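Visitor: Structure: my_file-v3.txt, compact mmCIF, C-alpha atoms.
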# COMPACT_ATOMS: atom_id res chain seq x y z
CA MET A 118 62.25 21.91 -10.41
CA ARG A 119 62.48 20.24 -13.81
CA PHE A 120 65.10 20.94 -16.45
CA SER A 121 64.88 21.17 -20.23
CA ILE A 122 67.05 21.87 -23.24
CA ASN A 123 66.00 24.56 -25.73
CA ILE A 124 67.17 24.62 -29.35
CA PRO A 125 66.20 26.63 -32.44
CA ASN A 126 64.70 24.93 -35.48
CA PHE A 127 67.42 26.25 -37.79
CA GLY A 128 71.12 25.82 -38.46
CA ASP A 129 72.38 22.39 -37.38
CA PHE A 130 69.00 21.70 -35.80
CA ALA A 131 67.09 21.99 -39.07
CA ASP A 132 67.99 18.31 -39.61
CA PRO A 133 65.66 15.84 -37.84
CA ARG A 134 68.51 13.34 -37.47
CA THR A 135 70.52 15.91 -35.54
CA VAL A 136 67.55 16.66 -33.30
CA ALA A 137 67.13 12.92 -32.67
CA THR A 138 70.77 12.85 -31.52
CA VAL A 139 70.15 15.82 -29.24
CA ALA A 140 66.98 14.24 -27.83
CA ALA A 141 68.68 10.92 -27.05
CA ALA A 142 71.57 12.72 -25.34
CA THR A 143 69.12 14.89 -23.40
CA GLU A 144 67.30 11.86 -22.04
CA GLN A 145 70.48 9.94 -21.27
CA ALA A 146 72.00 12.87 -19.35
CA GLY A 147 68.97 13.13 -17.05
CA TRP A 148 67.16 16.20 -18.39
CA ASP A 149 63.36 16.31 -18.27
CA GLY A 150 62.42 17.94 -21.58
CA LEU A 151 63.44 19.17 -25.01
CA PHE A 152 61.85 22.20 -26.62
CA VAL A 153 62.35 23.58 -30.13
CA TRP A 154 61.55 26.92 -31.68
CA ASP A 155 58.79 27.27 -34.27
CA HIS A 156 59.86 29.74 -36.95
CA VAL A 157 59.18 29.75 -40.67
CA VAL A 158 61.49 32.68 -41.34
CA HIS A 159 63.66 34.84 -39.10
CA ARG A 160 65.60 37.38 -41.14
CA ARG A 161 68.19 37.77 -38.41
CA HIS A 162 69.09 34.11 -38.95
CA GLN A 163 69.63 33.40 -42.66
CA ARG A 164 69.99 29.63 -42.34
CA PRO A 165 68.13 26.43 -43.21
CA PHE A 166 64.96 25.94 -41.15
CA GLY A 167 63.26 22.66 -40.19
CA ASP A 168 59.59 22.05 -39.51
CA PRO A 169 59.30 21.77 -35.70
CA TRP A 170 56.77 18.93 -35.77
CA MET A 171 59.01 16.83 -38.00
CA LEU A 172 61.93 17.61 -35.67
CA LEU A 173 59.90 16.61 -32.62
CA THR A 174 58.74 13.43 -34.34
CA ALA A 175 62.39 12.42 -34.71
CA ALA A 176 62.94 13.34 -31.05
CA ALA A 177 59.97 11.24 -29.95
CA LEU A 178 61.23 8.19 -31.83
CA ALA A 179 64.65 8.54 -30.19
CA THR A 180 63.35 8.81 -26.61
CA SER A 181 60.89 7.29 -24.16
CA ARG A 182 60.77 9.62 -21.15
CA ILE A 183 61.45 13.32 -21.73
CA ARG A 184 58.70 15.84 -22.42
CA LEU A 185 58.67 17.36 -25.90
CA GLY A 186 57.22 20.55 -27.34
CA THR A 187 57.60 23.90 -29.02
CA LEU A 188 58.60 27.19 -27.44
CA VAL A 189 56.66 28.67 -29.00
CA THR A 190 54.14 27.98 -31.76
CA PRO A 191 52.33 31.06 -33.13
CA VAL A 192 48.77 29.74 -33.28
CA ALA A 193 47.66 32.85 -35.18
CA ARG A 194 49.95 31.81 -38.05
CA GLN A 195 48.35 28.35 -38.32
CA ARG A 196 45.13 26.69 -39.35
CA PRO A 197 43.89 25.33 -36.00
CA GLN A 198 42.56 22.09 -37.47
CA GLN A 199 45.91 21.21 -39.05
CA LEU A 200 47.83 22.19 -35.93
CA ALA A 201 45.47 20.10 -33.80
CA ARG A 202 46.28 17.02 -35.91
CA GLN A 203 50.03 17.60 -35.70
CA VAL A 204 49.96 17.89 -31.92
CA ALA A 205 47.61 14.95 -31.42
CA THR A 206 49.70 12.75 -33.71
CA LEU A 207 52.88 13.62 -31.81
CA ASP A 208 51.12 13.05 -28.48
CA THR A 209 50.06 9.60 -29.66
CA LEU A 210 53.51 8.75 -31.01
CA SER A 211 55.26 9.89 -27.83
CA GLY A 212 52.85 8.20 -25.45
CA GLY A 213 51.48 11.45 -24.07
CA ARG A 214 54.67 13.49 -23.65
CA VAL A 215 53.74 16.68 -25.52
CA ILE A 216 53.72 20.15 -23.96
CA PHE A 217 52.25 22.81 -26.23
CA GLY A 218 53.92 26.20 -25.96
CA SER A 219 52.26 29.11 -27.70
CA GLY A 220 52.26 32.87 -28.11
CA LEU A 221 52.12 35.53 -30.80
CA GLY A 222 55.56 34.53 -32.07
CA GLY A 223 57.87 36.83 -33.90
CA PRO A 224 59.39 38.82 -35.32
CA ILE A 225 55.88 39.70 -36.50
CA GLU A 226 57.08 41.43 -39.67
CA ASP A 227 59.07 38.31 -40.61
CA GLU A 228 56.61 35.60 -39.59
CA TYR A 229 53.42 37.30 -40.76
CA GLY A 230 54.20 40.33 -42.94
CA SER A 231 56.54 38.35 -45.20
CA PHE A 232 53.55 36.35 -46.39
CA GLY A 233 51.03 39.16 -46.74
CA ASP A 234 49.36 38.48 -43.40
CA THR A 235 48.30 41.14 -40.93
CA THR A 236 50.92 42.47 -38.54
CA ASP A 237 48.37 44.05 -36.20
CA PRO A 238 49.16 42.52 -32.79
CA LEU A 239 45.59 43.01 -31.58
CA VAL A 240 44.19 40.96 -34.47
CA LEU A 241 46.87 38.32 -33.97
CA ALA A 242 46.05 38.15 -30.26
CA GLN A 243 42.37 37.62 -31.10
CA ARG A 244 43.31 34.79 -33.46
CA LEU A 245 45.59 33.30 -30.82
CA ASP A 246 42.86 33.20 -28.17
CA GLU A 247 40.21 31.89 -30.54
CA GLY A 248 42.65 29.34 -31.96
CA LEU A 249 43.66 28.06 -28.52
CA ASP A 250 40.02 27.53 -27.63
CA LEU A 251 39.50 25.57 -30.84
CA LEU A 252 42.60 23.46 -30.26
CA GLN A 253 41.46 22.23 -26.87
CA ARG A 254 38.06 21.38 -28.30
CA PHE A 255 39.57 19.54 -31.28
CA TRP A 256 41.90 17.59 -28.97
CA SER A 257 38.91 16.28 -26.98
CA GLY A 258 37.72 14.06 -29.83
CA GLU A 259 34.23 15.50 -29.39
CA PRO A 260 32.15 17.18 -32.15
CA VAL A 261 33.05 20.82 -32.68
CA SER A 262 30.94 23.58 -34.19
CA HIS A 263 32.20 27.13 -34.00
CA ASP A 264 31.18 30.45 -35.49
CA GLY A 265 33.81 32.90 -34.38
CA GLN A 266 35.36 36.16 -35.44
CA HIS A 267 38.24 34.50 -37.28
CA TYR A 268 37.37 30.78 -37.59
CA GLN A 269 34.30 28.76 -38.50
CA VAL A 270 33.82 25.02 -37.96
CA ARG A 271 30.80 22.98 -39.01
CA ASP A 272 30.22 19.85 -36.91
CA VAL A 273 33.71 18.34 -37.12
CA THR A 274 35.13 15.55 -34.97
CA LEU A 275 38.89 15.10 -35.15
CA LEU A 276 40.12 11.68 -34.09
CA PRO A 277 42.08 10.38 -32.40
CA ALA A 278 41.93 12.62 -29.38
CA THR A 279 45.19 13.41 -27.66
CA VAL A 280 46.54 10.74 -25.32
CA GLN A 281 46.66 13.29 -22.52
CA HIS A 282 43.25 14.16 -21.12
CA PRO A 283 41.65 16.58 -21.22
CA ARG A 284 44.54 17.85 -23.39
CA PRO A 285 48.30 18.38 -23.40
CA PRO A 286 49.55 21.12 -21.07
CA VAL A 287 49.43 24.56 -22.70
CA TRP A 288 52.14 27.06 -21.79
CA ILE A 289 51.90 30.68 -22.91
CA ALA A 290 54.87 32.93 -23.65
CA GLY A 291 55.21 36.69 -23.64
CA PHE A 292 57.47 39.55 -22.63
CA TRP A 293 57.23 40.81 -19.07
CA PRO A 294 56.22 43.43 -17.94
CA ASN A 295 53.70 43.27 -20.80
CA ARG A 296 50.55 42.23 -18.93
CA PRO A 297 48.13 40.78 -21.53
CA PRO A 298 50.23 37.69 -22.42
CA MET A 299 50.62 36.82 -18.76
CA ARG A 300 46.88 37.20 -18.15
CA ARG A 301 46.45 34.76 -21.05
CA ALA A 302 49.00 32.41 -19.47
CA ALA A 303 47.08 32.47 -16.18
CA ARG A 304 44.10 30.93 -17.98
CA TRP A 305 46.14 27.93 -19.12
CA ASP A 306 48.79 25.68 -17.57
CA GLY A 307 52.00 27.62 -17.49
CA ALA A 308 53.87 30.82 -18.25
CA VAL A 309 57.06 31.10 -20.31
CA PRO A 310 58.11 34.70 -19.80
CA LEU A 311 60.89 36.53 -21.52
CA PHE A 312 61.98 39.75 -19.90
CA ALA A 313 62.59 43.13 -21.47
CA SER A 314 65.75 43.36 -19.37
CA ALA A 315 66.91 39.77 -20.00
CA ARG A 316 66.41 38.46 -23.51
CA HIS A 317 66.76 34.85 -24.68
CA GLY A 318 69.65 33.13 -22.90
CA HIS A 319 70.05 35.74 -20.16
CA VAL A 320 69.04 34.93 -16.58
CA PRO A 321 66.05 37.06 -15.50
CA PRO A 322 66.28 39.36 -12.44
CA VAL A 323 64.81 37.73 -9.34
CA ASP A 324 62.80 40.79 -8.32
CA GLN A 325 61.05 40.86 -11.69
CA VAL A 326 60.36 37.13 -11.44
CA ARG A 327 58.69 37.66 -8.06
CA ASP A 328 56.55 40.48 -9.46
CA LEU A 329 55.53 38.30 -12.41
CA ILE A 330 54.60 35.31 -10.27
CA GLU A 331 52.54 37.49 -7.93
CA TYR A 332 50.72 38.92 -10.96
CA LEU A 333 50.03 35.44 -12.35
CA HIS A 334 48.59 34.22 -9.06
CA GLN A 335 46.33 37.27 -8.91
CA HIS A 336 44.85 36.28 -12.26
CA ARG A 337 44.53 32.55 -11.71
CA ASP A 338 41.00 31.23 -11.28
CA ASP A 339 40.58 30.34 -7.60
CA GLU A 340 38.78 27.16 -8.65
CA LYS A 341 41.78 25.88 -10.60
CA ASP A 342 43.60 23.19 -8.63
CA SER A 343 45.74 21.88 -11.50
CA PRO A 344 49.52 22.46 -11.48
CA PHE A 345 50.72 25.73 -12.96
CA GLU A 346 54.26 25.92 -14.32
CA ILE A 347 56.61 28.90 -14.20
CA VAL A 348 59.20 28.30 -16.92
CA LEU A 349 62.35 30.39 -16.77
CA GLY A 350 65.49 30.00 -18.80
CA GLY A 351 69.00 31.09 -19.56
CA ALA A 352 72.52 29.81 -20.06
CA THR A 353 74.39 28.12 -17.22
CA ALA A 354 77.88 26.67 -17.19
CA GLY A 355 76.83 23.32 -15.76
CA GLU A 356 78.96 23.80 -12.64
CA GLY A 357 77.13 22.93 -9.43
CA ALA A 358 77.97 25.86 -7.18
CA LYS A 359 77.52 28.46 -9.90
CA ALA A 360 74.24 26.92 -11.03
CA ARG A 361 72.89 27.01 -7.48
CA ASP A 362 73.81 30.68 -7.20
CA VAL A 363 71.97 31.45 -10.46
CA ILE A 364 68.92 29.20 -10.28
CA GLY A 365 68.43 28.74 -6.54
CA PRO A 366 66.89 32.19 -5.98
CA LEU A 367 64.55 31.63 -8.94
CA LEU A 368 63.43 28.32 -7.50
CA ASP A 369 62.79 30.03 -4.17
CA ALA A 370 60.74 32.67 -5.99
CA GLY A 371 58.46 29.99 -7.47
CA ALA A 372 59.98 28.82 -10.75
CA THR A 373 59.16 25.18 -11.58
CA TRP A 374 61.15 24.62 -14.80
CA TRP A 375 64.61 25.77 -15.86
CA ASP A 376 64.98 25.85 -19.67
CA GLU A 377 68.65 25.74 -20.65
CA ARG A 378 69.31 28.07 -23.59
CA GLN A 379 72.16 29.48 -25.64
CA LEU A 380 72.55 33.24 -25.89
CA GLN A 381 70.59 34.42 -28.91
CA GLY A 382 73.48 36.59 -30.09
CA SER A 383 75.99 33.77 -29.75
CA ASP A 384 77.53 31.99 -32.74
CA GLU A 385 76.86 28.76 -30.83
CA LEU A 386 73.08 29.24 -30.78
CA ASP A 387 72.38 26.77 -33.58
CA GLN A 388 75.54 24.64 -33.48
CA LEU A 389 75.37 21.00 -32.37
CA THR A 390 78.80 20.66 -30.74
CA PRO A 391 78.49 23.27 -27.96
CA VAL A 392 74.85 22.39 -27.28
CA LEU A 393 75.70 18.69 -27.02
CA ARG A 394 78.60 19.52 -24.71
CA ARG A 395 76.25 21.37 -22.35
CA ILE A 396 73.65 18.58 -22.50
CA GLU A 397 76.19 15.94 -21.56
CA GLN A 398 77.20 17.94 -18.46
CA GLY A 399 73.71 17.24 -17.14
CA PRO A 400 71.06 19.44 -15.53
CA PRO A 401 72.11 22.05 -12.97
CA ALA A 402 72.64 20.55 -9.52
CA LEU A 403 70.71 22.57 -6.95
CA TYR A 404 71.27 20.47 -3.82
Rewrite the structure of this file - the entire thing - as structure tokens.
Guide:
Amino acid sequence: MRFSINIPNFGDFADPRTVATVAAATEQAGWDGLFVWDHVVHRRHQRPFGDPWMLLTAAALATSRIRLGTLVTPVARQRPQQLARQVATLDTLSGGRVIFGSGLGGPIEDEYGSFGDTTDPLVLAQRLDEGLDLLQRFWSGEPVSHDGQHYQVRDVTLLPATVQHPRPPVWIAGFWPNRPPMRRAARWDGAVPLFASARHGHVPPVDQVRDLIEYLHQHRDDEKDSPFEIVLGGATAGEGAKARDVIGPLLDAGATWWDERQLQGSDELDQLTPVLRRIEQGPPALY
């Protein structure tokens, strides 16, 4: 199992210099990754927001080993060509350490409706799927022509290609037991489920995790032999025995990453001091 730190892109973490501090501490303490949220506006959190790609650029410059990415980027909110350049530039800068997390994003009314965009989840899902397909083609460095339902491209080659070939890993998020996002995840490289019974920061029930993993395996292409990641998360105290009790059963169920998170309703969600304190305690010890 690998271990990552998860932070929002607002509050204290809207400042790239703060995120660089977090990234350096994350690497020094032995964690494997750092992931940031990708919100433009979240009316529940009336705070300063930072651009996630600028934040991750600062993190890349402050580190040399840990994986870096967003959890999650709403592709349907973006222009795929611009997003492709941001990811490829970060992958080049970091030496091939980017993981691309994606999903519909939300709250939909905030992220889309605030700017006059559609809030129809079916349309957004169509744009997400079409946009993901375009991203992987753009990242290849090969010519791209596309005449789709939502995007058109006329013989464009975007260089440089990503350092990682054929592309950075793509992880897909969604709420379980909602099936369509997890069927989408099965087509890519990993699943980042949230659970209706265990929101951000809460440890998911093991029985639901088992059901989810069984469902994912049912929808994986039998010809795929590439690694597939199951990314679960929550808040742990950093104490060995307690961490084993919490995470051990999830590891046994098939989880491959533990993403350390603050409780979304906590005042400490976007504060540097408590997050840094947890980082410095190191990843959960499972053995």
Visitor: Compare A:Phe217, A:Trp293, A:Tyr332, A:Phe166 by their minimum atom-to-atom distance to A:Thr279, counting all atoms listed in the file, and give me the closest one.
Guide: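 Among the listed residues, the smallest separation from A:Thr279 belongs to A:Phe217.
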Visitor: Find the residues near A:Thr206: any atom within 9 Å, counting all atoms listed in the file, skip ones fewer than 3 places away on the same chain, and give them as a list in words.
Guide: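 Result of the neighbour search: Ala201, Arg202, Gln203, Thr209, Leu210, Ser211, Pro277, Ala278 and Thr279 of chain A.
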Visitor: Deliver the residues from the most recent selection as a file, using C-alpha atoms, as a PDB file, in the coordinates of the input.
Guide:
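Below is the file that was written, result-v9.pdb:
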ATOM      1  CA  ALA A 201      45.470  20.100 -33.800  1.00  0.00           C
ATOM      2  CA  ARG A 202      46.280  17.020 -35.910  1.00  0.00           C
ATOM      3  CA  GLN A 203      50.030  17.600 -35.700  1.00  0.00           C
ATOM      4  CA  THR A 209      50.060   9.600 -29.660  1.00  0.00           C
ATOM      5  CA  LEU A 210      53.510   8.750 -31.010  1.00  0.00           C
ATOM      6  CA  SER A 211      55.260   9.890 -27.830  1.00  0.00           C
ATOM      7  CA  PRO A 277      42.080  10.380 -32.400  1.00  0.00           C
ATOM      8  CA  ALA A 278      41.930  12.620 -29.380  1.00  0.00           C
ATOM      9  CA  THR A 279      45.190  13.410 -27.660  1.00  0.00           C
TER      10      THR A 279
END
Visitor: Restricting the calculation to all atoms listed in the file: of A:Arg194, A:Arg119, A:Arg361, A:Arg244, which residue gets closest to A:Trp375?
Guide: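 For A:Trp375, the nearest of the candidates is A:Arg119.
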Visitor: Quick one: of A:Trp148, A:Phe292, A:Trp374, A:Tyr268, who's nearest to A:Phe345, counting all atoms listed in the file?
Guide: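 Result for the nearest residue to A:Phe345: A:Trp374.
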Visitor: Residues within 6 Å of A:Gly128, please, as an MDAnalysis selection string. Count only C-alpha atoms; anything in the same chain fewer than 4 positions from it doesn't count.
Guide: chainID A and resid 164:165 387
Visitor: Figure out the distance between atom CA of A:Ser262 and atom CA of A:Gly248, please, to one decimal in Å.
Guide: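 Separation between atom CA of A:Gly248 and atom CA of A:Ser262: 13.2 Å.
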